[in-house]
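S.K.: What follows is structure00.txt; its format and atoms are compact mmCIF, C-alpha atoms.
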```txt
# COMPACT_ATOMS: atom_id res chain seq x y z
CA MET S 1 -0.97 -48.70 -21.01
CA PRO S 2 0.03 -45.06 -20.63
CA GLU S 3 -1.35 -43.30 -17.64
CA LYS S 4 -4.08 -40.79 -18.11
CA LYS S 5 -2.96 -37.18 -18.05
CA ARG S 6 -3.49 -35.79 -14.60
CA ARG S 7 -6.34 -33.35 -14.40
CA ARG S 8 -5.31 -29.91 -13.32
CA ILE S 9 -8.57 -28.98 -11.60
CA SER S 10 -10.52 -31.55 -9.66
CA LYS S 11 -14.25 -31.93 -10.07
CA LYS S 12 -14.98 -30.59 -6.60
CA THR S 13 -13.07 -27.38 -7.29
CA LYS S 14 -14.92 -26.93 -10.57
CA ILE S 15 -18.29 -27.21 -8.83
CA GLN S 16 -17.18 -24.77 -6.13
CA LEU S 17 -15.98 -22.27 -8.73
CA THR S 18 -19.24 -22.54 -10.69
CA VAL S 19 -21.32 -21.97 -7.57
CA PHE S 20 -19.15 -18.99 -6.64
CA LEU S 21 -19.54 -17.53 -10.15
CA ILE S 22 -23.34 -17.93 -10.11
CA VAL S 23 -23.63 -16.30 -6.67
CA TYR S 24 -21.27 -13.51 -7.75
CA VAL S 25 -23.23 -12.72 -10.93
CA THR S 26 -26.61 -12.88 -9.16
CA ILE S 27 -25.56 -10.53 -6.37
CA GLY S 28 -23.89 -8.26 -8.91
CA ILE S 29 -27.03 -7.97 -11.05
CA ILE S 30 -29.22 -7.30 -8.01
CA ASN S 31 -26.68 -4.78 -6.75
CA VAL S 32 -26.76 -2.70 -9.95
CA GLN S 33 -30.07 -1.11 -8.95
CA TYR S 34 -28.69 0.17 -5.67
CA LEU S 35 -25.52 1.73 -7.04
CA PRO S 36 -25.30 5.53 -7.27
CA LYS S 37 -26.46 6.82 -10.61
CA SER S 38 -23.54 9.08 -11.50
CA PRO S 39 -19.78 8.57 -11.07
CA SER S 40 -19.35 11.81 -9.14
CA ASP S 41 -21.58 10.42 -6.37
CA ILE S 42 -18.98 7.70 -5.78
CA LEU S 43 -15.80 9.64 -6.35
CA GLY S 44 -16.93 12.84 -4.64
CA ASN S 45 -16.28 11.52 -1.14
CA VAL S 46 -13.10 9.55 -1.79
CA ALA S 47 -10.83 12.09 -0.14
CA ASN S 48 -12.87 12.16 3.07
CA ARG S 49 -12.18 8.52 3.81
CA TRP S 50 -9.07 9.07 5.87
CA ILE S 51 -10.70 11.11 8.60
CA VAL S 52 -13.92 9.47 9.64
CA GLY S 53 -16.21 10.25 12.51
CA THR S 54 -16.88 13.23 14.72
CA GLY S 55 -15.76 14.28 18.14
CA PRO S 56 -12.29 14.56 19.69
CA TRP S 57 -9.25 13.48 17.73
CA TYR S 58 -9.01 9.98 19.18
CA LEU S 59 -12.52 9.14 17.98
CA ARG S 60 -11.89 10.22 14.41
CA ILE S 61 -10.86 6.86 13.06
CA ASN S 62 -11.68 4.87 9.98
CA PRO S 63 -13.60 1.77 11.08
CA MET S 64 -12.65 -0.07 7.88
CA THR S 65 -8.93 0.22 8.68
CA ILE S 66 -9.41 -1.47 12.04
CA ILE S 67 -11.66 -4.22 10.66
CA MET S 68 -9.33 -4.97 7.77
CA SER S 69 -6.24 -4.87 9.99
CA LEU S 70 -7.83 -7.54 12.17
CA VAL S 71 -8.63 -9.58 9.05
CA VAL S 72 -5.01 -9.29 7.91
CA LEU S 73 -3.77 -10.37 11.33
CA ALA S 74 -6.16 -13.33 11.26
CA VAL S 75 -4.88 -14.41 7.84
CA ILE S 76 -1.23 -14.22 8.92
CA ILE S 77 -1.90 -16.08 12.19
CA TRP S 78 -3.86 -18.76 10.33
CA PHE S 79 -0.95 -19.23 7.94
CA ALA S 80 1.56 -19.40 10.80
CA ILE S 81 -0.50 -21.98 12.69
CA SER S 82 -1.01 -24.13 9.60
CA VAL S 83 2.74 -24.08 8.93
CA HIS S 84 3.56 -24.85 12.55
CA LYS S 85 1.17 -27.79 12.69
CA GLU S 86 2.91 -29.77 9.96
CA TYR S 87 6.38 -28.62 10.89
CA SER S 88 8.94 -31.28 9.97
CA LEU S 89 12.47 -31.85 8.77
CA ILE S 90 11.27 -32.64 5.27
CA PRO S 91 9.39 -29.45 4.45
CA THR S 92 5.90 -29.45 3.04
CA ARG S 93 4.95 -26.88 0.41
CA LYS S 94 3.80 -24.24 2.87
CA GLN S 95 6.85 -24.68 5.07
CA ALA S 96 9.17 -24.47 2.07
CA PHE S 97 7.47 -21.26 0.97
CA ALA S 98 7.78 -19.71 4.44
CA GLU S 99 11.39 -20.80 4.79
CA SER S 100 12.44 -19.46 1.38
CA LEU S 101 10.74 -16.14 2.18
CA MET S 102 12.58 -15.83 5.48
CA ASP S 103 15.84 -16.85 3.81
CA PHE S 104 15.37 -14.23 1.11
CA VAL S 105 14.81 -11.42 3.62
CA TYR S 106 17.62 -12.64 5.90
CA ASP S 107 20.12 -12.55 3.03
CA ILE S 108 19.26 -8.91 2.34
CA VAL S 109 19.54 -8.00 6.02
CA GLN S 110 22.81 -9.80 6.53
CA SER S 111 24.45 -8.26 3.48
CA SER S 112 23.72 -4.73 4.72
CA ILE S 113 24.04 -5.23 8.51
CA PRO S 114 27.01 -7.48 9.31
CA ASP S 115 26.62 -7.03 13.09
CA GLU S 116 24.81 -10.12 14.36
CA ARG S 117 23.25 -8.34 17.39
CA PHE S 118 21.21 -6.01 15.19
CA ALA S 119 20.79 -8.26 12.16
CA ARG S 120 18.40 -10.59 14.00
CA SER S 121 16.03 -7.93 15.32
CA THR S 122 16.16 -5.99 12.04
CA PHE S 123 15.27 -9.19 10.23
CA MET S 124 12.23 -9.65 12.48
CA ILE S 125 11.04 -6.07 11.96
CA ALA S 126 11.53 -6.21 8.19
CA THR S 127 9.77 -9.57 7.82
CA THR S 128 6.84 -8.49 9.97
CA LEU S 129 6.33 -5.33 7.95
CA PHE S 130 6.73 -7.22 4.69
CA LEU S 131 4.17 -9.91 5.61
CA TYR S 132 1.62 -7.39 6.90
CA ILE S 133 1.89 -5.11 3.87
CA VAL S 134 1.85 -7.96 1.35
CA VAL S 135 -1.25 -9.57 2.83
CA SER S 136 -3.09 -6.27 3.15
CA ASN S 137 -2.22 -5.25 -0.42
CA LEU S 138 -3.25 -8.61 -1.85
CA LEU S 139 -6.45 -8.72 0.18
CA GLY S 140 -7.35 -5.25 -1.04
CA GLY S 141 -9.09 -6.05 -4.26
CA VAL S 142 -9.97 -9.65 -4.87
CA ILE S 143 -13.61 -9.48 -3.84
CA PRO S 144 -16.05 -6.60 -4.21
CA GLY S 145 -16.63 -5.85 -0.58
CA ILE S 146 -17.55 -3.19 1.90
CA SER S 147 -16.35 0.37 2.08
CA VAL S 148 -17.16 3.51 4.01
CA ASP S 149 -18.68 6.58 2.43
CA VAL S 150 -18.17 9.82 4.30
CA THR S 151 -20.13 12.90 3.43
CA LYS S 152 -18.77 16.19 4.68
CA THR S 153 -21.19 19.06 5.05
CA LEU S 154 -20.86 22.49 6.58
CA ALA S 155 -23.44 23.39 9.19
CA GLU S 156 -24.93 26.85 9.60
CA ASN S 157 -22.49 27.85 12.33
CA GLY S 158 -19.48 26.75 10.33
CA GLU S 159 -19.12 23.37 12.01
CA ILE S 160 -18.05 20.41 9.88
CA ILE S 161 -20.47 17.49 10.04
CA ARG S 162 -19.33 14.08 8.86
CA ASN S 163 -21.79 11.31 8.16
CA VAL S 164 -20.47 7.76 7.90
CA LYS S 165 -22.25 5.19 5.80
CA PHE S 166 -21.22 1.61 5.07
CA ILE S 167 -21.77 0.55 1.47
CA LEU S 168 -21.77 -3.00 0.21
CA PHE S 169 -20.49 -3.97 -3.24
CA SER S 170 -19.56 -0.52 -4.44
CA ASP S 171 -15.82 -0.82 -3.93
CA THR S 172 -13.14 -3.44 -3.54
CA TRP S 173 -12.06 -4.46 -0.05
CA PHE S 174 -10.37 -1.67 1.78
CA ALA S 175 -6.64 -2.27 2.17
CA PRO S 176 -5.33 -1.06 5.57
CA THR S 177 -2.29 0.36 3.77
CA ALA S 178 -4.60 2.69 1.81
CA ASP S 179 -4.95 4.68 5.04
CA LEU S 180 -2.11 7.10 5.75
CA ASN S 181 -2.40 6.53 9.51
CA THR S 182 -1.28 2.91 9.17
CA ASN S 183 1.72 3.69 6.99
CA LEU S 184 2.85 6.69 9.01
CA THR S 185 2.72 4.62 12.19
CA TYR S 186 5.07 2.04 10.72
CA ALA S 187 7.39 4.65 9.19
CA LEU S 188 7.69 6.52 12.50
CA MET S 189 8.28 3.22 14.27
CA VAL S 190 11.13 2.46 11.88
CA LEU S 191 12.62 5.92 12.50
CA VAL S 192 12.54 5.51 16.28
CA ILE S 193 13.94 1.98 16.11
CA SER S 194 16.75 3.03 13.77
CA HIS S 195 17.85 5.80 16.14
CA TYR S 196 17.57 3.50 19.15
CA PHE S 197 19.84 1.00 17.41
CA GLY S 198 22.15 3.85 16.41
CA ILE S 199 22.54 4.92 20.06
CA LYS S 200 23.08 1.33 21.12
CA ALA S 201 25.69 0.64 18.44
CA LYS S 202 27.70 3.86 18.49
CA GLY S 203 27.09 5.26 21.93
CA PHE S 204 25.23 8.44 22.81
CA LYS S 205 28.05 10.91 22.10
CA ALA S 206 28.91 9.47 18.71
CA TRP S 207 25.22 9.43 17.82
CA LEU S 208 24.88 13.15 18.70
CA LYS S 209 28.06 13.86 16.78
CA SER S 210 26.64 12.25 13.64
CA PHE S 211 24.23 15.18 13.34
CA ILE S 212 26.99 17.75 12.93
CA GLU S 213 28.95 15.86 10.35
CA PRO S 214 30.74 16.84 8.16
CA VAL S 215 30.52 20.42 9.50
CA PRO S 216 28.35 21.87 12.34
CA PHE S 217 26.87 24.28 9.81
CA LEU S 218 24.84 21.41 8.32
CA LEU S 219 22.90 20.60 11.53
CA PRO S 220 19.46 21.86 10.33
CA LEU S 221 19.88 20.03 7.03
CA ASN S 222 20.67 16.79 8.83
CA ILE S 223 17.61 17.14 11.09
CA ILE S 224 15.33 17.89 8.16
CA GLY S 225 16.83 14.96 6.28
CA GLU S 226 15.99 12.65 9.18
CA LEU S 227 12.43 13.99 9.46
CA ALA S 228 11.84 13.67 5.72
CA LYS S 229 12.57 9.93 5.85
CA PRO S 230 9.30 8.73 7.44
CA ILE S 231 7.27 11.10 5.27
CA SER S 232 8.61 9.80 1.96
CA HIS S 233 8.67 6.26 3.37
CA SER S 234 4.96 6.30 4.22
CA MET S 235 3.69 8.48 1.37
CA ARG S 236 5.17 6.16 -1.25
CA LEU S 237 3.17 3.15 -0.10
CA PHE S 238 0.07 5.20 0.65
CA GLY S 239 0.06 6.91 -2.75
CA ASN S 240 0.57 3.70 -4.66
CA ILE S 241 -2.17 1.75 -2.95
CA THR S 242 -4.66 4.62 -2.74
CA GLY S 243 -4.02 5.71 -6.31
CA GLY S 244 -4.53 2.15 -7.50
CA GLY S 245 -7.69 1.85 -5.42
CA VAL S 246 -9.22 5.07 -6.73
CA LEU S 247 -8.34 4.19 -10.33
CA VAL S 248 -9.94 0.77 -9.92
CA LEU S 249 -12.99 2.40 -8.34
CA ALA S 250 -13.35 4.91 -11.17
CA LEU S 251 -12.82 2.42 -13.98
CA SER S 252 -14.97 -0.35 -12.56
CA TYR S 253 -17.93 1.98 -12.15
CA PHE S 254 -18.56 1.58 -15.88
CA VAL S 255 -19.12 -2.17 -15.58
CA LYS S 256 -21.00 -1.83 -12.28
CA TYR S 257 -18.33 -3.69 -10.29
CA MET S 258 -18.92 -7.03 -11.96
CA PHE S 259 -15.64 -8.45 -13.28
CA LEU S 260 -13.21 -5.61 -13.75
CA PRO S 261 -12.01 -5.09 -10.14
CA PRO S 262 -10.27 -8.48 -9.77
CA VAL S 263 -8.65 -8.13 -13.20
CA LEU S 264 -7.40 -4.59 -12.59
CA TRP S 265 -6.26 -5.56 -9.12
CA GLY S 266 -3.98 -8.07 -10.79
CA TYR S 267 -1.79 -5.12 -11.66
CA PHE S 268 -2.38 -2.72 -8.79
CA GLY S 269 -2.51 -5.28 -6.01
CA ILE S 270 -0.29 -8.14 -6.99
CA PHE S 271 2.41 -6.47 -9.10
CA SER S 272 2.51 -2.99 -7.60
CA GLY S 273 1.57 -4.15 -4.12
CA LEU S 274 4.31 -6.79 -3.94
CA ILE S 275 6.94 -4.36 -5.21
CA GLN S 276 5.88 -1.66 -2.77
CA ALA S 277 5.91 -4.07 0.17
CA PHE S 278 9.39 -5.22 -0.85
CA VAL S 279 10.58 -1.61 -1.23
CA PHE S 280 9.13 -0.72 2.18
CA SER S 281 10.97 -3.50 3.97
CA THR S 282 14.19 -2.94 1.99
CA LEU S 283 14.14 0.75 2.92
CA THR S 284 13.55 -0.24 6.54
CA VAL S 285 16.72 -2.30 6.43
CA ALA S 286 18.57 0.51 4.66
CA TYR S 287 17.53 3.16 7.21
CA ILE S 288 18.51 0.98 10.13
CA SER S 289 21.84 0.01 8.56
CA ALA S 290 22.59 3.68 7.88
CA GLN S 291 22.29 4.36 11.62
CA VAL S 292 24.04 1.22 12.82
CA GLY S 293 26.91 1.13 10.34
CA MET A 1 -25.61 41.41 -12.09
CA ASP A 2 -27.78 39.83 -9.40
CA GLN A 3 -26.47 37.65 -6.63
CA GLU A 4 -27.50 34.27 -8.05
CA SER A 5 -25.69 34.63 -11.34
CA THR A 6 -22.59 35.88 -9.53
CA LYS A 7 -22.61 32.73 -7.44
CA LEU A 8 -23.07 30.56 -10.55
CA ILE A 9 -20.12 32.19 -12.28
CA ALA A 10 -17.99 31.80 -9.15
CA ASP A 11 -18.80 28.08 -8.97
CA ALA A 12 -18.00 27.67 -12.65
CA ILE A 13 -14.62 29.36 -12.18
CA ILE A 14 -13.84 27.12 -9.21
CA ILE A 15 -14.62 23.96 -11.17
CA ALA A 16 -12.60 25.15 -14.16
CA GLY A 17 -9.65 25.95 -11.89
CA LYS A 18 -9.82 22.52 -10.27
CA ALA A 19 -9.86 20.74 -13.63
CA ILE A 20 -7.02 22.80 -15.09
CA GLY A 21 -4.95 22.49 -11.92
CA ALA A 22 -5.36 18.73 -11.65
CA GLY A 23 -4.56 18.30 -15.34
CA PHE A 24 -1.36 20.37 -15.10
CA CYS A 25 -0.38 18.68 -11.84
CA MET A 26 -0.63 15.21 -13.33
CA GLY A 27 0.79 16.15 -16.73
CA ILE A 28 3.91 17.95 -15.49
CA GLY A 29 4.33 15.59 -12.57
CA ALA A 30 4.46 12.58 -14.89
CA ILE A 31 7.41 13.89 -16.93
CA SER A 32 10.27 13.37 -14.50
CA PRO A 33 9.32 9.88 -13.25
CA GLY A 34 8.92 8.88 -16.89
CA ILE A 35 12.42 10.06 -17.74
CA GLY A 36 13.85 8.48 -14.61
CA GLU A 37 12.23 5.12 -15.13
CA GLY A 38 13.24 5.16 -18.78
CA ASN A 39 16.86 5.72 -17.76
CA ILE A 40 16.71 2.92 -15.22
CA GLY A 41 15.19 0.52 -17.75
CA ALA A 42 17.70 1.45 -20.44
CA HIS A 43 20.70 0.90 -18.20
CA ALA A 44 19.27 -2.36 -16.89
CA MET A 45 18.84 -3.55 -20.50
CA ASP A 46 22.42 -2.54 -21.26
CA SER A 47 23.81 -4.48 -18.35
CA ILE A 48 21.63 -7.52 -19.08
CA ALA A 49 22.90 -7.51 -22.68
CA ARG A 50 26.47 -7.37 -21.37
CA GLN A 51 26.01 -10.06 -18.70
CA PRO A 52 22.92 -12.18 -19.41
CA GLU A 53 23.67 -14.53 -16.51
CA LEU A 54 22.91 -11.72 -14.01
CA ALA A 55 19.46 -11.03 -15.51
CA ASN A 56 17.52 -12.15 -12.44
CA SER A 57 19.23 -10.01 -9.83
CA ILE A 58 19.36 -7.03 -12.18
CA THR A 59 15.61 -7.26 -12.80
CA THR A 60 14.85 -7.29 -9.06
CA ARG A 61 17.01 -4.25 -8.41
CA MET A 62 15.58 -2.48 -11.47
CA LEU A 63 12.07 -2.91 -10.10
CA ILE A 64 13.07 -1.48 -6.70
CA ALA A 65 14.76 1.49 -8.34
CA ASP A 66 11.67 1.98 -10.50
CA ALA A 67 9.46 2.06 -7.43
CA VAL A 68 11.68 4.67 -5.82
CA ALA A 69 11.81 6.80 -8.97
CA GLU A 70 8.04 6.55 -9.26
CA THR A 71 7.51 8.31 -5.93
CA THR A 72 7.31 11.86 -7.26
CA GLY A 73 4.76 10.76 -9.85
CA ILE A 74 2.71 9.22 -7.06
CA TYR A 75 2.85 12.49 -5.12
CA ALA A 76 1.52 14.28 -8.22
CA LEU A 77 -1.32 11.74 -8.47
CA LEU A 78 -2.19 12.26 -4.80
CA ILE A 79 -2.23 16.04 -5.16
CA ALA A 80 -4.38 15.73 -8.29
CA PHE A 81 -6.88 13.60 -6.35
CA LEU A 82 -6.88 16.05 -3.48
CA ILE A 83 -7.44 18.99 -5.83
CA LEU A 84 -10.30 17.22 -7.59
CA PHE A 85 -12.13 15.71 -4.64
CA ALA A 86 -11.03 17.30 -1.39
CA LEU A 87 -10.61 20.97 -2.14
```
Would you kindly transcribe this structure into structure tokens?
M.R.:
Amino acid sequence: MPEKKRRRISKKTKIQLTVFLIVYVTIGIINVQYLPKSPSDILGNVANRWIVGTGPWYLRINPMTIIMSLVVLAVIIWFAISVHKEYSLIPTRKQAFAESLMDFVYDIVQSSIPDERFARSTFMIATTLFLYIVVSNLLGGVIPGISVDVTKTLAENGEIIRNVKFILFSDTWFAPTADLNTNLTYALMVLVISHYFGIKAKGFKAWLKSFIEPVPFLLPLNIIGELAKPISHSMRLFGNITGGGVLVLALSYFVKYMFLPPVLWGYFGIFSGLIQAFVFSTLTVAYISAQVG
Amino acid sequence: MDQESTKLIADAIIIAGKAIGAGFCMGIGAISPGIGEGNIGAHAMDSIARQPELANSITTRMLIADAVAETTGIYALLIAFLILFAL
């Protein structure tokens, strides 16, 4: 007797999915009443998201960036622990996935940095950045979640007053990479590390000499070229993720955030997000290898 | 003209300027990334047709090059958003 065709989805998963769908639709329908009535109410404050809060500069932070960064860290640590627990010579599915990812990045690093001293640390930096950016991009839009709404008003004496409000179910989850502060931190870190490796590999004098090559006349151009690297490096990721987020926000307003955000995020989060994370880590390797080589 | 109508007209001019500026910014800014990505795609297709066994690695590199060529378009999108919402 031929065996029965294996069911793709087990009964338990089906029940879980149905319950999730019912809860999702119910909350969505209830939520419609509390949404702002016109699109400009939502989109009007989008650009104020990146500087949140009042007071001195170190207090002006976006709370959502910190919360979501911690969530991303938790997801990565959970994955690492679950791989480590069932670590064996015959790899399980998770371990095989992790190993093939590491192998993939290590091949790229080794082909551009032959020196073994720097290849290992560059590989660690590139993989860390890649994992963080991938998880934060993917997490960005699956579930309609919380977001901050910042209203900026001018007081009588010309002072800027910012009011922060948390809103539920009016936006997708906030990706930490949609905040320029996160990306610029990593890009500057890569710049500093690449020059540190450059000094270590070539020596201080040769490193200084690399700024006046091919002729001393080009010194300002070389310095500007170095400073432009972190800007384009961070702005690329920031613009992609933020642009995707704002487009999803604007388009999904018309269906009141019911089903469109996950579908649209299939493009902006999974396709564009994966490519941008890959480009970010590849450029990291390229910048470091340009200094080392 | 009294003060209120002057203010109204000034607001209207500001909104019109924002809309026109954002439209031009996005429209002109989308030309060059479009040309660049088209070139990249065309050459990738050429090389895949010549050597079909390299299709996988060519596709990966094509996507990276696309993402880099896209950057200026993304800058235009950012500036358009800033003009519309932040200015």
S.K.: Tell me which protein, DNA and RNA residues are within 6 Å of Pro33 of chain A, counting all atoms listed in the file, leaving out same-chain ones fewer than 5 positions away, and put them as a ChimeraX atom specification.
M.R.: /A:69-70,73
S.K.: Based on only C-alpha atoms, which of the residues in chain A come within 12 Å of chain S? I want them as a ChimeraX atom specification.
M.R.: /A:59-87
S.K.: What gap, in Å, lies between atom CA of Phe197 of chain S and atom CA of Ser289 of chain S?
M.R.: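 We find that atom CA of Phe197 of chain S and atom CA of Ser289 of chain S lie 9.1 Å from each other.
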S.K.: What gap, in Å, lies between atom CA of Lys200 of chain S and atom CA of Asp115 of chain S?
M.R.: 12.1 Å
S.K.: N, CA and C atoms are needed for segment 44-64 of chain A; please write them out as a PDB file, keeping the file's coordinate frame.
M.R.:
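Now in selection-v1.pdb:
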```
ATOM      1  N   ALA A  44      19.424  -0.948 -17.260  1.00  0.00           N
ATOM      2  CA  ALA A  44      19.270  -2.360 -16.890  1.00  0.00           C
ATOM      3  C   ALA A  44      19.370  -3.232 -18.140  1.00  0.00           C
ATOM      4  N   MET A  45      18.737  -2.791 -19.242  1.00  0.00           N
ATOM      5  CA  MET A  45      18.840  -3.550 -20.500  1.00  0.00           C
ATOM      6  C   MET A  45      20.281  -3.661 -20.961  1.00  0.00           C
ATOM      7  N   ASP A  46      21.005  -2.536 -20.880  1.00  0.00           N
ATOM      8  CA  ASP A  46      22.420  -2.540 -21.260  1.00  0.00           C
ATOM      9  C   ASP A  46      23.197  -3.593 -20.495  1.00  0.00           C
ATOM     10  N   SER A  47      22.985  -3.566 -19.147  1.00  0.00           N
ATOM     11  CA  SER A  47      23.810  -4.480 -18.350  1.00  0.00           C
ATOM     12  C   SER A  47      23.370  -5.921 -18.536  1.00  0.00           C
ATOM     13  N   ILE A  48      22.063  -6.149 -18.822  1.00  0.00           N
ATOM     14  CA  ILE A  48      21.630  -7.520 -19.080  1.00  0.00           C
ATOM     15  C   ILE A  48      22.239  -8.017 -20.394  1.00  0.00           C
ATOM     16  N   ALA A  49      22.305  -7.107 -21.404  1.00  0.00           N
ATOM     17  CA  ALA A  49      22.900  -7.510 -22.680  1.00  0.00           C
ATOM     18  C   ALA A  49      24.381  -7.825 -22.515  1.00  0.00           C
ATOM     19  N   ARG A  50      25.040  -7.125 -21.574  1.00  0.00           N
ATOM     20  CA  ARG A  50      26.470  -7.370 -21.370  1.00  0.00           C
ATOM     21  C   ARG A  50      26.698  -8.654 -20.574  1.00  0.00           C
ATOM     22  N   GLN A  51      25.840  -8.872 -19.560  1.00  0.00           N
ATOM     23  CA  GLN A  51      26.010 -10.060 -18.700  1.00  0.00           C
ATOM     24  C   GLN A  51      24.675 -10.754 -18.516  1.00  0.00           C
ATOM     25  N   PRO A  52      24.263 -11.576 -19.479  1.00  0.00           N
ATOM     26  CA  PRO A  52      22.920 -12.180 -19.410  1.00  0.00           C
ATOM     27  C   PRO A  52      22.736 -13.090 -18.212  1.00  0.00           C
ATOM     28  N   GLU A  53      23.832 -13.607 -17.623  1.00  0.00           N
ATOM     29  CA  GLU A  53      23.670 -14.530 -16.510  1.00  0.00           C
ATOM     30  C   GLU A  53      23.240 -13.808 -15.239  1.00  0.00           C
ATOM     31  N   LEU A  54      23.329 -12.479 -15.194  1.00  0.00           N
ATOM     32  CA  LEU A  54      22.910 -11.720 -14.010  1.00  0.00           C
ATOM     33  C   LEU A  54      21.492 -11.169 -14.154  1.00  0.00           C
ATOM     34  N   ALA A  55      20.759 -11.643 -15.182  1.00  0.00           N
ATOM     35  CA  ALA A  55      19.460 -11.030 -15.510  1.00  0.00           C
ATOM     36  C   ALA A  55      18.511 -11.000 -14.322  1.00  0.00           C
ATOM     37  N   ASN A  56      18.493 -12.074 -13.520  1.00  0.00           N
ATOM     38  CA  ASN A  56      17.520 -12.150 -12.440  1.00  0.00           C
ATOM     39  C   ASN A  56      17.744 -11.070 -11.390  1.00  0.00           C
ATOM     40  N   SER A  57      18.993 -10.975 -10.907  1.00  0.00           N
ATOM     41  CA  SER A  57      19.230 -10.010  -9.830  1.00  0.00           C
ATOM     42  C   SER A  57      19.110  -8.587 -10.353  1.00  0.00           C
ATOM     43  N   ILE A  58      19.486  -8.378 -11.621  1.00  0.00           N
ATOM     44  CA  ILE A  58      19.360  -7.030 -12.180  1.00  0.00           C
ATOM     45  C   ILE A  58      17.894  -6.630 -12.283  1.00  0.00           C
ATOM     46  N   THR A  59      17.033  -7.580 -12.673  1.00  0.00           N
ATOM     47  CA  THR A  59      15.610  -7.260 -12.800  1.00  0.00           C
ATOM     48  C   THR A  59      15.019  -6.869 -11.447  1.00  0.00           C
ATOM     49  N   THR A  60      15.367  -7.621 -10.393  1.00  0.00           N
ATOM     50  CA  THR A  60      14.850  -7.290  -9.060  1.00  0.00           C
ATOM     51  C   THR A  60      15.255  -5.876  -8.664  1.00  0.00           C
ATOM     52  N   ARG A  61      16.559  -5.574  -8.828  1.00  0.00           N
ATOM     53  CA  ARG A  61      17.010  -4.250  -8.410  1.00  0.00           C
ATOM     54  C   ARG A  61      16.411  -3.164  -9.278  1.00  0.00           C
ATOM     55  N   MET A  62      16.194  -3.476 -10.579  1.00  0.00           N
ATOM     56  CA  MET A  62      15.580  -2.480 -11.470  1.00  0.00           C
ATOM     57  C   MET A  62      14.177  -2.144 -10.989  1.00  0.00           C
ATOM     58  N   LEU A  63      13.438  -3.172 -10.555  1.00  0.00           N
ATOM     59  CA  LEU A  63      12.070  -2.910 -10.100  1.00  0.00           C
ATOM     60  C   LEU A  63      12.075  -2.042  -8.842  1.00  0.00           C
ATOM     61  N   ILE A  64      13.005  -2.311  -7.918  1.00  0.00           N
ATOM     62  CA  ILE A  64      13.070  -1.480  -6.700  1.00  0.00           C
ATOM     63  C   ILE A  64      13.393  -0.039  -7.074  1.00  0.00           C
TER      64      ILE A  64
END
```
